[in-house]
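Peer 1: As input, take entry-v5.pdb (PDB, C-alpha atoms):
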ATOM      1  CA  MET A   1      14.005   3.785  15.569
ATOM      2  CA  VAL A   2      13.375   0.143  16.454
ATOM      3  CA  TYR A   3      10.887  -0.661  19.182
ATOM      4  CA  ALA A   4      12.100  -2.138  22.435
ATOM      5  CA  ALA A   5       9.896  -5.108  23.200
ATOM      6  CA  GLU A   6       9.605  -7.949  25.612
ATOM      7  CA  ASN A   7       9.903 -11.449  24.161
ATOM      8  CA  ASP A   8       7.963 -10.998  20.986
ATOM      9  CA  PRO A   9       6.285 -14.025  19.406
ATOM     10  CA  LEU A  10       5.474 -11.833  16.390
ATOM     11  CA  CYS A  11       9.173 -11.668  15.448
ATOM     12  CA  TYR A  12      11.231 -14.244  13.615
ATOM     13  CA  PRO A  13      13.317 -16.205  16.159
ATOM     14  CA  GLY A  14      16.535 -14.453  17.112
ATOM     15  CA  THR A  15      15.576 -11.202  15.328
ATOM     16  CA  THR A  16      13.528  -8.051  15.818
ATOM     17  CA  VAL A  17      11.977  -8.486  12.353
ATOM     18  CA  LEU A  18       8.216  -8.907  12.551
ATOM     19  CA  ARG A  19       6.763 -12.028  10.971
ATOM     20  CA  ASN A  20       5.021 -10.962   7.808
ATOM     21  CA  ARG A  21       2.931 -12.321   4.968
ATOM     22  CA  LEU A  22       5.831 -11.820   2.573
ATOM     23  CA  ASN A  23       8.155 -13.949   4.718
ATOM     24  CA  ILE A  24      10.843 -11.275   4.543
ATOM     25  CA  GLU A  25      13.388 -11.672   7.342
ATOM     26  CA  ASP A  26      15.607  -8.697   6.428
ATOM     27  CA  GLN A  27      14.455  -5.485   8.148
ATOM     28  CA  ALA A  28      15.543  -3.105   5.384
ATOM     29  CA  GLU A  29      13.810  -5.185   2.740
ATOM     30  CA  LEU A  30      10.674  -5.473   4.882
ATOM     31  CA  ASP A  31      10.638  -1.706   5.451
ATOM     32  CA  GLU A  32      10.784  -1.131   1.694
ATOM     33  CA  PHE A  33       7.933  -3.520   0.887
ATOM     34  CA  GLU A  34       5.882  -2.380   3.882
ATOM     35  CA  LEU A  35       6.055   1.227   2.712
ATOM     36  CA  ALA A  36       5.113   0.323  -0.862
ATOM     37  CA  LEU A  37       2.139  -1.780   0.232
ATOM     38  CA  PHE A  38       1.054   0.835   2.785
ATOM     39  CA  LEU A  39       1.114   3.595   0.135
ATOM     40  CA  THR A  40      -0.957   1.444  -2.201
ATOM     41  CA  ARG A  41      -3.610   0.844   0.467
ATOM     42  CA  ALA A  42      -3.499   4.489   1.623
ATOM     43  CA  ASP A  43      -4.411   5.572  -1.924
ATOM     44  CA  GLU A  44      -7.517   3.404  -1.812
ATOM     45  CA  ARG A  45     -10.779   4.377  -0.211
ATOM     46  CA  ILE A  46     -10.354   4.108   3.570
ATOM     47  CA  PRO A  47     -13.090   2.061   5.288
ATOM     48  CA  ALA A  48     -16.085   4.124   6.303
ATOM     49  CA  GLY A  49     -17.032   4.243   9.950
ATOM     50  CA  ARG A  50     -17.993   6.355  12.923
ATOM     51  CA  LEU A  51     -14.528   7.599  13.927
ATOM     52  CA  ASP A  52     -14.666   5.254  16.901
ATOM     53  CA  TYR A  53     -12.308   2.603  18.259
ATOM     54  CA  ALA A  54     -13.668  -0.148  15.987
ATOM     55  CA  HIS A  55     -13.257   2.179  13.005
ATOM     56  CA  TYR A  56      -9.688   3.003  14.069
ATOM     57  CA  ARG A  57      -8.819  -0.707  14.165
ATOM     58  CA  ALA A  58     -10.459  -1.174  10.743
ATOM     59  CA  VAL A  59      -8.272   1.600   9.316
ATOM     60  CA  HIS A  60      -5.125  -0.127  10.617
ATOM     61  CA  ARG A  61      -6.360  -3.439   9.204
ATOM     62  CA  HIS A  62      -6.953  -1.839   5.812
ATOM     63  CA  LEU A  63      -3.539  -0.158   5.698
ATOM     64  CA  PHE A  64      -1.485  -3.197   6.792
ATOM     65  CA  GLN A  65      -3.573  -6.193   5.692
ATOM     66  CA  ASP A  66      -1.125  -7.157   2.948
ATOM     67  CA  ILE A  67       1.813  -7.270   5.345
ATOM     68  CA  TYR A  68       0.708  -8.576   8.740
ATOM     69  CA  ASP A  69      -1.815 -11.267   9.707
ATOM     70  CA  TRP A  70      -2.513  -9.310  12.908
ATOM     71  CA  ALA A  71      -3.354  -6.016  11.171
ATOM     72  CA  GLY A  72      -6.089  -4.274  13.135
ATOM     73  CA  GLU A  73      -5.487  -6.346  16.265
ATOM     74  CA  VAL A  74      -4.318  -4.847  19.535
ATOM     75  CA  ARG A  75      -0.767  -5.744  20.548
ATOM     76  CA  ALA A  76      -0.243  -8.280  23.310
ATOM     77  CA  ILE A  77       3.256  -7.331  24.456
ATOM     78  CA  ARG A  78       4.842  -4.320  26.111
ATOM     79  CA  ILE A  79       6.733  -2.022  23.743
ATOM     80  CA  GLY A  80       8.609   1.237  23.992
ATOM     81  CA  LYS A  81      10.750   3.683  22.049
ATOM     82  CA  GLY A  82      13.567   5.946  23.131
ATOM     83  CA  GLY A  83      13.451   4.668  26.698
ATOM     84  CA  ASN A  84       9.707   5.369  27.049
ATOM     85  CA  TRP A  85       7.138   2.603  27.406
ATOM     86  CA  PHE A  86       3.733   2.831  25.801
ATOM     87  CA  CYS A  87       0.495   1.739  27.473
ATOM     88  CA  TYR A  88       0.698  -1.808  28.810
ATOM     89  CA  PRO A  89      -1.355  -4.164  26.651
ATOM     90  CA  GLU A  90      -3.734  -5.103  29.444
ATOM     91  CA  TYR A  91      -4.975  -1.476  29.511
ATOM     92  CA  ILE A  92      -5.091  -0.712  25.774
ATOM     93  CA  ASP A  93      -8.773  -1.490  25.183
ATOM     94  CA  GLN A  94     -10.010   0.535  28.157
ATOM     95  CA  GLU A  95      -7.781   3.512  27.306
ATOM     96  CA  MET A  96      -8.774   3.507  23.650
ATOM     97  CA  ALA A  97     -12.455   3.182  24.620
ATOM     98  CA  ARG A  98     -12.038   6.199  26.928
ATOM     99  CA  ILE A  99     -10.306   8.291  24.246
ATOM    100  CA  PHE A 100     -12.934   7.523  21.629
ATOM    101  CA  LYS A 101     -15.823   8.079  24.067
ATOM    102  CA  GLU A 102     -14.425  11.535  24.831
ATOM    103  CA  LEU A 103     -14.093  12.169  21.101
ATOM    104  CA  ALA A 104     -17.698  11.090  20.508
ATOM    105  CA  ASP A 105     -18.877  13.247  23.427
ATOM    106  CA  ALA A 106     -17.117  16.177  21.714
ATOM    107  CA  ASN A 107     -19.041  15.460  18.477
ATOM    108  CA  CYS A 108     -15.787  14.338  16.824
ATOM    109  CA  LEU A 109     -14.604  17.961  17.111
ATOM    110  CA  ARG A 110     -17.153  19.264  14.597
ATOM    111  CA  GLY A 111     -18.291  22.859  14.902
ATOM    112  CA  LEU A 112     -15.039  24.209  16.337
ATOM    113  CA  GLY A 113     -12.895  27.030  15.026
ATOM    114  CA  ILE A 114      -9.590  25.973  13.520
ATOM    115  CA  GLU A 115      -7.507  26.883  16.594
ATOM    116  CA  ASP A 116      -9.771  24.987  19.003
ATOM    117  CA  PHE A 117      -9.950  22.065  16.604
ATOM    118  CA  ALA A 118      -6.144  21.911  16.382
ATOM    119  CA  VAL A 119      -5.686  21.962  20.162
ATOM    120  CA  ARG A 120      -8.331  19.290  20.777
ATOM    121  CA  ALA A 121      -7.187  17.098  17.870
ATOM    122  CA  ALA A 122      -3.594  17.330  19.138
ATOM    123  CA  HIS A 123      -4.744  16.052  22.508
ATOM    124  CA  VAL A 124      -6.623  13.129  20.940
ATOM    125  CA  LEU A 125      -3.639  12.234  18.765
ATOM    126  CA  ALA A 126      -1.220  12.532  21.705
ATOM    127  CA  GLU A 127      -3.356  10.196  23.784
ATOM    128  CA  ILE A 128      -3.657   7.624  20.988
ATOM    129  CA  ASN A 129       0.099   7.834  20.471
ATOM    130  CA  ALA A 130       0.757   7.217  24.187
ATOM    131  CA  VAL A 131      -1.412   4.098  24.022
ATOM    132  CA  HIS A 132       0.232   2.838  20.789
ATOM    133  CA  PRO A 133      -2.322   0.050  20.312
ATOM    134  CA  PHE A 134      -0.608  -1.841  17.489
ATOM    135  CA  ARG A 135       2.691  -3.644  17.260
ATOM    136  CA  GLU A 136       3.634  -1.622  14.148
ATOM    137  CA  GLY A 137       2.052   1.075  11.988
ATOM    138  CA  ASN A 138       0.803   3.333  14.772
ATOM    139  CA  GLY A 139       2.134   6.616  13.360
ATOM    140  CA  ARG A 140       0.782   6.024   9.885
ATOM    141  CA  THR A 141      -2.595   5.001  11.277
ATOM    142  CA  GLN A 142      -2.647   8.106  13.493
ATOM    143  CA  LEU A 143      -1.973  10.393  10.519
ATOM    144  CA  THR A 144      -4.611   8.644   8.418
ATOM    145  CA  PHE A 145      -7.088   9.040  11.269
ATOM    146  CA  LEU A 146      -6.105  12.696  11.677
ATOM    147  CA  ALA A 147      -6.897  13.265   7.990
ATOM    148  CA  MET A 148     -10.311  11.659   8.452
ATOM    149  CA  LEU A 149     -10.999  13.633  11.646
ATOM    150  CA  THR A 150      -9.887  16.909  10.035
ATOM    151  CA  GLU A 151     -12.040  16.448   6.950
ATOM    152  CA  ASN A 152     -15.002  15.280   9.063
ATOM    153  CA  ALA A 153     -14.722  18.528  11.053
ATOM    154  CA  GLY A 154     -14.988  20.522   7.807
ATOM    155  CA  PHE A 155     -11.332  21.447   7.316
ATOM    156  CA  SER A 156      -8.939  20.558   4.542
ATOM    157  CA  PHE A 157      -5.964  18.266   5.066
ATOM    158  CA  ASP A 158      -2.784  19.507   3.415
ATOM    159  CA  ALA A 159      -0.443  16.508   3.450
ATOM    160  CA  ASP A 160       2.364  18.674   2.033
ATOM    161  CA  VAL A 161       2.752  20.176   5.526
ATOM    162  CA  LEU A 162       3.760  16.747   6.861
ATOM    163  CA  GLU A 163       7.537  17.043   7.062
ATOM    164  CA  ARG A 164       8.905  13.892   8.689
ATOM    165  CA  GLU A 165      11.090  15.620  11.298
ATOM    166  CA  ARG A 166       8.406  18.100  12.274
ATOM    167  CA  VAL A 167       5.842  15.345  12.728
ATOM    168  CA  LEU A 168       8.243  13.177  14.752
ATOM    169  CA  ASN A 169       9.315  16.055  16.966
ATOM    170  CA  ALA A 170       5.695  17.092  17.567
ATOM    171  CA  MET A 171       4.685  13.536  18.467
ATOM    172  CA  ILE A 172       7.682  13.064  20.768
ATOM    173  CA  GLY A 173       6.935  16.405  22.431
ATOM    174  CA  SER A 174       3.305  15.449  22.940
ATOM    175  CA  PHE A 175       4.383  12.197  24.590
ATOM    176  CA  ALA A 176       6.378  14.305  27.050
ATOM    177  CA  GLY A 177       3.334  16.500  27.726
ATOM    178  CA  ASP A 178       3.940  19.407  25.320
ATOM    179  CA  GLU A 179       1.078  19.285  22.821
ATOM    180  CA  ALA A 180       1.597  22.842  21.498
ATOM    181  CA  PRO A 181       3.902  21.906  18.560
ATOM    182  CA  LEU A 182       1.450  19.187  17.526
ATOM    183  CA  ALA A 183      -1.454  21.642  17.713
ATOM    184  CA  ARG A 184       0.478  24.129  15.540
ATOM    185  CA  LEU A 185       1.228  21.358  13.033
ATOM    186  CA  ILE A 186      -2.452  20.359  12.887
ATOM    187  CA  GLU A 187      -3.501  23.981  12.468
ATOM    188  CA  ASP A 188      -1.066  24.345   9.552
ATOM    189  CA  ILE A 189      -2.385  21.123   8.012
ATOM    190  CA  ALA A 190      -6.023  22.199   8.403
ATOM    191  CA  ARG A 191      -5.422  25.680   6.992
ATOM    192  CA  GLY A 192      -4.013  24.001   3.860
TER     193      GLY A 192
END
Take the structure I supplied and represent it as structure tokens, if you would.
Peer 2:
Amino acid sequence: MVYAAENDPLCYPGTTVLRNRLNIEDQAELDEFELALFLTRADERIPAGRLDYAHYRAVHRHLFQDIYDWAGEVRAIRIGKGGNWFCYPEYIDQEMARIFKELADANCLRGLGIEDFAVRAAHVLAEINAVHPFREGNGRTQLTFLAMLTENAGFSFDADVLERERVLNAMIGSFAGDEAPLARLIEDIARG
């Protein structure tokens, strides 16, 4: 699904294709190269950090550095999907700071049983998703962060549980306020 966006200076004129380091102006071709480059970077060691907002931005930068000059930078325009608007850009930094402060105050969810971990991690992921801090690559960054958070809390991360439709439906449900399917997904992932 393509993002709805206000006048976007990050797109090539007259298109919804994001300007990119490869200078690809065809969306299907860009999607193909973006996925290949993302998978390459995802297989590398993810930058170390404190599971905080700066670390989250560094993860996005790492994953998308080969594609977008603005990788790791907060978006400056309003975007939405499926008729729903994400956090307005002027509030992104304060919302992300709040989310990551709450995560730090909760010891990054360490020391919890798997069910409690899944419920709390689902809430964190749902909140980050509602903010949608980047112009592109939010979902992939969220899942990468979830893997880091899960492993940091002492659980395994079974990526084979990540069926595209189930993940999308859980994320869409969480945006609408129903975090239970996302919590069940995270529990299944962590039980690996």
Peer 1: Looking at all atoms listed in the file, which of A:Tyr53, A:Phe38, A:Ala118, A:Lys81 is the one that sits closest to Arg184 (chain A)?
Peer 2: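 When distances to Arg184 (chain A) are compared using all atoms listed in the file, the smallest one comes from A:Ala118.
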Peer 1: Please determine, counting all atoms listed in the file, which residue among A:Ala176, A:Ala76, A:Phe157, A:Arg191 has the shortest atom-to-atom distance to Pro9 (chain A).
Peer 2: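 Among the listed residues, the smallest separation from Pro9 (chain A) belongs to A:Ala76.
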Peer 1: Measuring atom to atom with all atoms listed in the file, identify which of A:Glu136, A:Glu179, A:Asp116, A:Glu95 is nearest to Gly80 (chain A).
Peer 2: A:Glu136
Peer 1: Expand the PyMOL selection byres ((chain A and resi 21) around 10) into the explicit residue set it covers here, and present it as a list in words.
Peer 2: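 Checked against the file, the PyMOL selection byres ((chain A and resi 21) around 10) matches Leu18, Arg19, Asn20, Leu22, Asn23, Ile24, Gln65, Asp66, Ile67, Tyr68 and Asp69 of chain A.
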Peer 1: Can you pull out every residue within 8 Å of Thr141 (chain A), counting only C-alpha atoms, but drop anything in the same chain fewer than 6 positions away, and send it as a PyMOL selection string?
Peer 2: chain A and resi 56+59-60+63
Peer 1: Between CA of Leu146 (chain A) and CA of Ile128 (chain A), what is the distance, to one decimal in Å?
Peer 2: 10.9 Å
Peer 1: Here is a test: counting all atoms listed in the file, which residue of A:Asp43, A:Glu102, A:Asp26, A:Asp160 is nearest to His123 (chain A)?
Peer 2: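 Of A:Asp43, A:Glu102, A:Asp26, A:Asp160, the one nearest His123 (chain A) is A:Glu102, counting all atoms listed in the file.
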Peer 1: Contacts of Leu109 (chain A) at 10 Å or less, counting all atoms listed in the file, minus same-chain residues fewer than 2 places along, as a CSV table (one decimal) with C-alpha atoms, keeping the file's coordinate frame?
Peer 2:
chain,number,residue,atom,x,y,z
A,103,LEU,CA,-14.1,12.2,21.1
A,104,ALA,CA,-17.7,11.1,20.5
A,105,ASP,CA,-18.9,13.2,23.4
A,106,ALA,CA,-17.1,16.2,21.7
A,107,ASN,CA,-19.0,15.5,18.5
A,111,GLY,CA,-18.3,22.9,14.9
A,112,LEU,CA,-15.0,24.2,16.3
A,113,GLY,CA,-12.9,27.0,15.0
A,116,ASP,CA,-9.8,25.0,19.0
A,117,PHE,CA,-10.0,22.1,16.6
A,118,ALA,CA,-6.1,21.9,16.4
A,120,ARG,CA,-8.3,19.3,20.8
A,121,ALA,CA,-7.2,17.1,17.9
A,149,LEU,CA,-11.0,13.6,11.6
A,150,THR,CA,-9.9,16.9,10.0
A,152,ASN,CA,-15.0,15.3,9.1
A,153,ALA,CA,-14.7,18.5,11.1
A,154,GLY,CA,-15.0,20.5,7.8
Peer 1: As an exercise, work out the distance from CA of Val131 (chain A) to CA of Cys87 (chain A) in Å and give it to one decimal place.
Peer 2: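 Result for CA of Val131 (chain A) versus CA of Cys87 (chain A): 4.6 Å, one decimal.
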Peer 1: Just how far from CA of Leu182 (chain A) is CA of Arg164 (chain A), in Å to one decimal?
Peer 2: 12.7 Å
Peer 1: Choose the residue, out of A:Arg45, A:Lys101, A:Arg135, A:Arg61, that has the smallest atom-to-atom separation from Tyr88 (chain A); count all atoms listed in the file.
Peer 2: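 Of all the options, A:Arg135 lies closest to Tyr88 (chain A).
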Peer 1: Of the candidates A:Phe155, A:Met96, A:Leu185, A:Arg140, which shows the shortest atom-to-atom distance to Leu39 (chain A), using all atoms listed in the file?
Peer 2: A:Arg140
Peer 1: Given the PyMOL selection byres ((chain A and resi 74) around 6) and the file above, list the residues it selects as number ranges by chain.
Peer 2: A: 73, 75, 133-134
